[in-house]
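What follows is a single structure, written as structure tokens, with notes after it.
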Amino acid sequence: MLLKRLVFISFALLVVFSSGVCGYMFLEHWPLLDSLYMTVITIASVGFMEVHPLTGQGRIFTIFLILGGTGVLVYGVSTIIAFIVEGELTDTLRRRKMQKKIAAMKDHFIVCGVGQTGKHVLEEMVRTQKDVVAIDRDPVTIRMLDEQGICYVQGDATHNSVLQMAGIENARGIVSALQSDAENLLVVFTTKRLNPGIRVISKAVEEESEQKIRMAGADSVVMPNFIGGLRMASELIRPSVVSFLDLMLRSQEKTIRVDELVIDDLSPYKDKTLQATGILSKKDVTVVALSRQSENSYEFNPPDKAVLKPGDVVILMGDINVINGIKGVAG
């Protein structure tokens, strides 16, 4: 819309300008340079003296040239100003709407840095239907997030105010996937000061940074280079397993994931056997393991008669929609 207006304004100015030059050359019989100069000072309304004395018809022509040139200039300037003001107003309203949406979130997740690593974290959050807020400084990335309908905060994730705008006090977990280990270390440290109970996962590039980031408060540190090396080894020695995992993660028909069901005092599954919960009879979901808090271990392929106690964690694998339905009942 703005481009069309600018093209129209440019065309109108060209027409007025050309008409002025041709008019003075034809009516007053002035040379090209004098006609050009007179047209410029007339349209610009700078108030300089006339190049040559004007005839009556030249003065009438100059009146219409002033009206036409001034009208086009005023329209052009007002269009540009309106675009700037409306754009700023729209951005302000969009930011306020986004902040209200984020402020209403509870137990959501935050992803700091939507770069080479963070974008995959964000995609996984969206595919598994998690409430998530992304933090990034890049305007291009912010526009992409806005187009995709993902909640975002534009700013530096190492700053307290930016993390607070992302709802750090009410968040369930945060991933710091910024470019440098120093930035990730600062995010972890700041996050733990603002919300000591939040689960923090951080990226680390250098091996020596892992210990420092953990000391700052990170619950887990992931090293992409290390994970990449393991993946390459797995591709070499167990290709069928890797193909299965790829199919599970990248399937377009269903979102298949491994997830966990935490049993607490309010869970309807508390003090029931796995058979009695009805989970085992659910289609497109499998109970992989059972973690006992009291034993601090995993029981793979637990028996039907296993009784679920508060603190236990049931590891499930299957369609994320079915798993979310099970967790919804549990919640």
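Simple scheme: letters A, B, ... for chains in structure tokens order, numbers from 1 for residues in each chain, numbers from 1 for ligands in the order shown.
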Practice prompt. Could you give me, as a ChimeraX atom specification, each residue of range 64-298 of chain A that DSSP assigns to helix (DSSP H, G or I) when run on this structure's backbone?
Written response: /A:64-103,118-127,139-148,160-165,168-170,181-194,207-216,224-237,239-250,274-277
Can you write just those residues out, C-alpha atoms, as a compact mmCIF listing (two decimals), in the first residue's frame?
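Below is the file part_5.txt, written as the result:
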```txt
# COMPACT_ATOMS: atom_id res chain seq x y z
CA PHE A 64 -1.36 26.80 -10.86
CA LEU A 65 2.18 25.44 -10.65
CA ILE A 66 2.44 26.55 -7.01
CA LEU A 67 -0.93 25.02 -6.13
CA GLY A 68 -0.17 21.76 -7.91
CA GLY A 69 3.39 21.44 -6.64
CA THR A 70 2.50 22.36 -3.06
CA GLY A 71 -0.44 19.96 -3.08
CA VAL A 72 1.70 17.04 -4.22
CA LEU A 73 4.45 17.84 -1.70
CA VAL A 74 2.00 18.18 1.19
CA TYR A 75 0.34 14.90 0.22
CA GLY A 76 3.70 13.15 0.01
CA VAL A 77 4.97 14.45 3.34
CA SER A 78 1.67 13.67 5.12
CA THR A 79 1.71 10.14 3.68
CA ILE A 80 5.21 9.45 4.98
CA ILE A 81 4.46 10.97 8.40
CA ALA A 82 1.23 8.98 8.67
CA PHE A 83 3.08 5.77 7.83
CA ILE A 84 5.68 6.45 10.52
CA VAL A 85 3.12 7.38 13.18
CA GLU A 86 0.76 4.53 12.35
CA GLY A 87 3.66 2.07 12.28
CA GLU A 88 4.89 3.15 15.69
CA LEU A 89 1.36 3.09 17.07
CA THR A 90 0.78 -0.39 15.67
CA ASP A 91 4.06 -1.64 17.15
CA THR A 92 3.16 -0.15 20.53
CA LEU A 93 -0.28 -1.76 20.55
CA ARG A 94 1.22 -5.09 19.43
CA ARG A 95 3.80 -5.00 22.22
CA ARG A 96 1.14 -4.20 24.83
CA LYS A 97 -1.06 -7.04 23.59
CA MET A 98 1.89 -9.40 23.69
CA GLN A 99 2.82 -8.33 27.24
CA LYS A 100 -0.74 -8.95 28.46
CA LYS A 101 -0.69 -12.42 26.92
CA ILE A 102 2.66 -13.25 28.51
CA ALA A 103 1.59 -11.83 31.89
CA GLY A 118 17.40 -22.20 19.98
CA LYS A 119 15.21 -22.40 16.89
CA HIS A 120 15.07 -26.20 17.19
CA VAL A 121 14.17 -25.93 20.88
CA LEU A 122 11.39 -23.51 19.99
CA GLU A 123 10.08 -25.74 17.18
CA GLU A 124 9.91 -28.67 19.58
CA MET A 125 8.00 -26.60 22.15
CA VAL A 126 5.48 -25.55 19.51
CA ARG A 127 5.06 -29.07 18.11
CA PRO A 139 14.39 -7.65 14.53
CA VAL A 140 14.18 -10.11 11.62
CA THR A 141 13.76 -13.03 14.03
CA ILE A 142 11.15 -11.09 16.00
CA ARG A 143 9.12 -10.46 12.83
CA MET A 144 9.30 -14.18 12.03
CA LEU A 145 8.04 -15.08 15.51
CA ASP A 146 5.23 -12.55 15.20
CA GLU A 147 4.14 -14.02 11.86
CA GLN A 148 4.12 -17.53 13.37
CA ASN A 160 16.64 -8.66 34.47
CA SER A 161 13.93 -6.50 32.90
CA VAL A 162 13.79 -8.61 29.72
CA LEU A 163 13.50 -11.87 31.66
CA GLN A 164 10.77 -10.32 33.81
CA MET A 165 8.88 -9.24 30.69
CA ILE A 168 10.37 -15.50 34.53
CA GLU A 169 8.74 -15.48 37.97
CA ASN A 170 5.87 -17.69 36.75
CA ASP A 181 29.14 -19.32 27.05
CA ALA A 182 29.60 -16.03 28.92
CA GLU A 183 26.10 -14.88 27.95
CA ASN A 184 24.58 -18.24 28.89
CA LEU A 185 26.38 -18.14 32.24
CA LEU A 186 24.93 -14.69 32.94
CA VAL A 187 21.42 -15.79 31.96
CA VAL A 188 21.62 -18.79 34.30
CA PHE A 189 22.89 -16.68 37.20
CA THR A 190 20.26 -13.97 36.65
CA THR A 191 17.44 -16.50 36.24
CA LYS A 192 18.22 -18.27 39.50
CA ARG A 193 18.18 -14.95 41.35
CA LEU A 194 14.76 -14.05 39.94
CA GLU A 207 33.98 -28.11 27.80
CA GLU A 208 35.54 -26.02 30.56
CA SER A 209 32.41 -23.84 30.66
CA GLU A 210 30.14 -26.71 31.72
CA GLN A 211 31.29 -26.74 35.35
CA LYS A 212 31.03 -22.95 35.63
CA ILE A 213 27.50 -22.87 34.23
CA ARG A 214 26.42 -25.65 36.60
CA MET A 215 27.91 -23.73 39.53
CA ALA A 216 25.87 -20.69 38.45
CA PRO A 224 25.87 -29.42 20.92
CA ASN A 225 29.31 -30.55 19.72
CA PHE A 226 29.26 -33.50 22.13
CA ILE A 227 25.71 -34.47 21.15
CA GLY A 228 26.63 -34.14 17.47
CA GLY A 229 29.57 -36.49 17.93
CA LEU A 230 27.40 -39.11 19.61
CA ARG A 231 24.85 -38.81 16.83
CA MET A 232 27.52 -39.42 14.19
CA ALA A 233 28.76 -42.49 16.05
CA SER A 234 25.21 -43.81 16.32
CA GLU A 235 24.65 -43.29 12.60
CA LEU A 236 27.72 -45.43 12.02
CA ILE A 237 27.08 -48.36 14.35
CA PRO A 239 21.63 -46.86 11.81
CA SER A 240 18.25 -48.57 12.29
CA VAL A 241 17.82 -47.07 15.76
CA VAL A 242 18.71 -43.63 14.46
CA SER A 243 16.26 -44.00 11.59
CA PHE A 244 13.51 -44.90 14.06
CA LEU A 245 14.27 -41.88 16.23
CA ASP A 246 14.32 -39.61 13.18
CA LEU A 247 10.96 -40.97 12.09
CA MET A 248 9.61 -40.37 15.58
CA LEU A 249 10.87 -36.79 15.74
CA ARG A 250 10.14 -35.72 12.16
CA LEU A 274 -0.99 -49.13 36.05
CA GLN A 275 -3.75 -51.45 34.90
CA ALA A 276 -6.37 -49.54 36.90
CA THR A 277 -5.31 -46.16 35.50
```
Discussion item. Just want the 12 Å neighbourhood of Pro268 in chain A, counted on only C-alpha atoms, with same-chain residues fewer than 2 positions away dropped. Output as a ChimeraX atom specification.
Written reply: /A:261-266,270-274,276-278,308-310,326-331
Worksheet entry | Distance of CA of Asp304 in chain A from CA of Gly318 in chain A, expressed in Å to one decimal place |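 Computing the Euclidean distance for CA of Gly318 in chain A and CA of Asp304 in chain A yields 18.2 Å.
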